[in-house]
Amino acid sequence: MVKRAVPGEPYSLDDGLGTRRIESDGRTFTEVLELAAAFASQPVVEQAIRGRASRYADLDIRLFAPVKRIERAGQTLRVASEMPAGVRLSHLLAHLESTGEVVAESAMFELSSLVVNAVAALHSWPGGLAHGAINPAHVLLTHDGRIMLTDCVFGAALEVLHRNREQLWKEFGLAMPPAASLARFDQQTDVTQMGAVILAIFLQRPLHAGEYPRGVTDLVLTATESSSAPGVPSASSALRMWLQEALQTHPRVSFRSAVEAQRAYADINTTPGGRRAGMTALQVLLRTTCGEPLDQPRVVMNPSMPRVAAQAPSQPAPPAQQERPSAFDSILRSVFPKH
């Protein structure tokens with residue numbers, strides 16, 4: 001079973017940001033992150049976090065865990081965010097590495113599609129929105145089969161620290177594109193971080209500290225040497241090229257945003273039969289690791305854009321249907337059991 005977090009007890013995601021705990025009011029869960037002292041003591045970090053949280057506050061988008069409050073108490077800085085029922089990708093990958101369990105490649109293709117689509121949907125919004133801190137610890141597979149990006153306000157905070165590429169990887173587990181100057185936390189950086197997440201998914205384990213950036217070329221070859229999406233015999237070479245562009249192993253050939261990366265990835269994993277096989281395999285994966293099946297994952301092939309004035313008026317949306325209880329809700333009890 002995946003690693004558990006007990007409400008009220010501190011835990012870490014090994015992402016360098018600080019110590020976390022889960023709070024519950026009996027109906028919903030909130031994750032409270034107490035920032036590491038090195039962050040909390042710098043006013044510029046708090047300003048960056050509050051600025052990013054304010055920018056995202058009014059967006060009607062379910063792709064990231066929204067911040068509920070930011071608290072300052074003396075030298076302590078806490079950020080509280082919604083924590084839906086789900087499993088963090090870092091916990092899932094650690095489970096696969098520790099058990100040696102081998103997962104069907106169709107599940108890996110489908111899980112990767114969900115990650116790519118989530119980041120692409122964020123990049124589709126106007127204003128050049130970027131996450132800036134995408135790694136497996138900040139990717140949550142929710143109870144209704146969506147990918148949710150967590151910790152979205154910390155990319156801005158890390159940017160003002162002016163760390164270099166090697167420091168950001170070793171201290172925070174964040175892959176960064178090669179750059180002659182200080183790192184920029186923009187959409188192209190999101191793509192590189194997303195590429196490292198997808199690479200870990202196909203390796204079926206976390207990337208280790210000494211493997212990036214110097215060892216990434218060999219890792220891409222290892223991850224793709226036998227990959228084959230259902231119905232796509234050439235998927236191995238196509239996936240290898242996609243990972244190389246996402247990770248910017250050849251700086252002159254790279255995706256500028258996750259929207260571009262999504263279009264290219266769809267060509268690898270696009271057959272209807274393959275997507276259905278992937279959904280089923282992903283359900284099996286979560287049933288074996290979490291004890292319960294996952295409701296059919298939502299496939300977002302073309303994330304919706306915000307409405308603009310030039311668009312033709314659309315018909316009123318039907319009333320939202322009440323969510324029925326999911327069998328995957330018990331995963332929450334597995335990951336965050338009540339007292």
# chains A, B, ... in the order shown; residues from 1 in each chain; ligands from 1
>>> select_by_dssp(residues="region 78-275 of chain A", states="strand (DSSP E)", output="JSON, numbers by chain")
{"A": [78, 79, 80, 81, 82, 86, 87, 88, 139, 140, 141, 142, 147, 148, 149]}
>>> write_last_selection(atoms="N, CA, C and O atoms", output="compact mmCIF listing (two decimals), in the first residue's frame")
# COMPACT_ATOMS: atom_id res chain seq x y z
N ARG A 78 3.06 29.69 7.34
CA ARG A 78 2.31 28.50 6.96
C ARG A 78 1.42 28.81 5.76
O ARG A 78 0.83 29.90 5.68
N VAL A 79 1.30 27.83 4.87
CA VAL A 79 0.42 27.93 3.71
C VAL A 79 -0.52 26.73 3.75
O VAL A 79 -0.08 25.58 3.75
N ALA A 80 -1.82 27.01 3.80
CA ALA A 80 -2.84 25.96 3.88
C ALA A 80 -3.55 25.84 2.53
O ALA A 80 -4.00 26.85 1.97
N SER A 81 -3.65 24.63 2.02
CA SER A 81 -4.27 24.38 0.72
C SER A 81 -5.26 23.24 0.81
O SER A 81 -5.15 22.38 1.69
N GLU A 82 -6.23 23.25 -0.08
CA GLU A 82 -7.17 22.14 -0.16
C GLU A 82 -6.42 20.86 -0.50
O GLU A 82 -5.46 20.87 -1.27
N GLY A 86 -6.95 11.48 -2.75
CA GLY A 86 -6.10 11.07 -3.85
C GLY A 86 -4.77 10.52 -3.39
O GLY A 86 -4.51 10.37 -2.20
N VAL A 87 -3.91 10.25 -4.36
CA VAL A 87 -2.60 9.66 -4.12
C VAL A 87 -1.56 10.52 -4.81
O VAL A 87 -1.70 10.85 -5.99
N ARG A 88 -0.53 10.91 -4.08
CA ARG A 88 0.56 11.67 -4.69
C ARG A 88 1.41 10.76 -5.56
O ARG A 88 1.71 9.63 -5.20
N VAL A 139 2.17 16.32 -7.76
CA VAL A 139 1.16 15.81 -8.69
C VAL A 139 0.27 14.84 -7.93
O VAL A 139 0.76 13.85 -7.37
N LEU A 140 -1.01 15.13 -7.90
CA LEU A 140 -1.97 14.32 -7.15
C LEU A 140 -2.97 13.69 -8.11
O LEU A 140 -3.56 14.39 -8.94
N LEU A 141 -3.14 12.38 -8.01
CA LEU A 141 -4.18 11.68 -8.76
C LEU A 141 -5.42 11.63 -7.88
O LEU A 141 -5.44 10.95 -6.85
N THR A 142 -6.47 12.37 -8.25
CA THR A 142 -7.60 12.57 -7.36
C THR A 142 -8.59 11.43 -7.44
O THR A 142 -8.51 10.55 -8.30
N ILE A 147 -5.88 14.66 -12.68
CA ILE A 147 -4.58 15.02 -12.14
C ILE A 147 -4.70 16.44 -11.59
O ILE A 147 -5.17 17.35 -12.27
N MET A 148 -4.29 16.61 -10.35
CA MET A 148 -4.29 17.94 -9.74
C MET A 148 -2.85 18.32 -9.42
O MET A 148 -2.09 17.51 -8.87
N LEU A 149 -2.48 19.54 -9.77
CA LEU A 149 -1.16 20.06 -9.49
C LEU A 149 -1.21 20.81 -8.16
O LEU A 149 -2.00 21.73 -7.99
>>> residues_around(residues="region 249-253 of chain A", least_positions_apart="5", cutoff="10 Å", atoms="only C-alpha atoms", output="ChimeraX atom specification")
/A:177-179,192,213-214,216-217,220,241,243-244
>>> atom_distance(atom1="CA of Pro136 (chain A)", atom2="CA of Gln42 (chain A)")
26.3 Å
>>> atom_distance(atom1="CA of Gly128 (chain A)", atom2="CA of Gln262 (chain A)")
16.3 Å
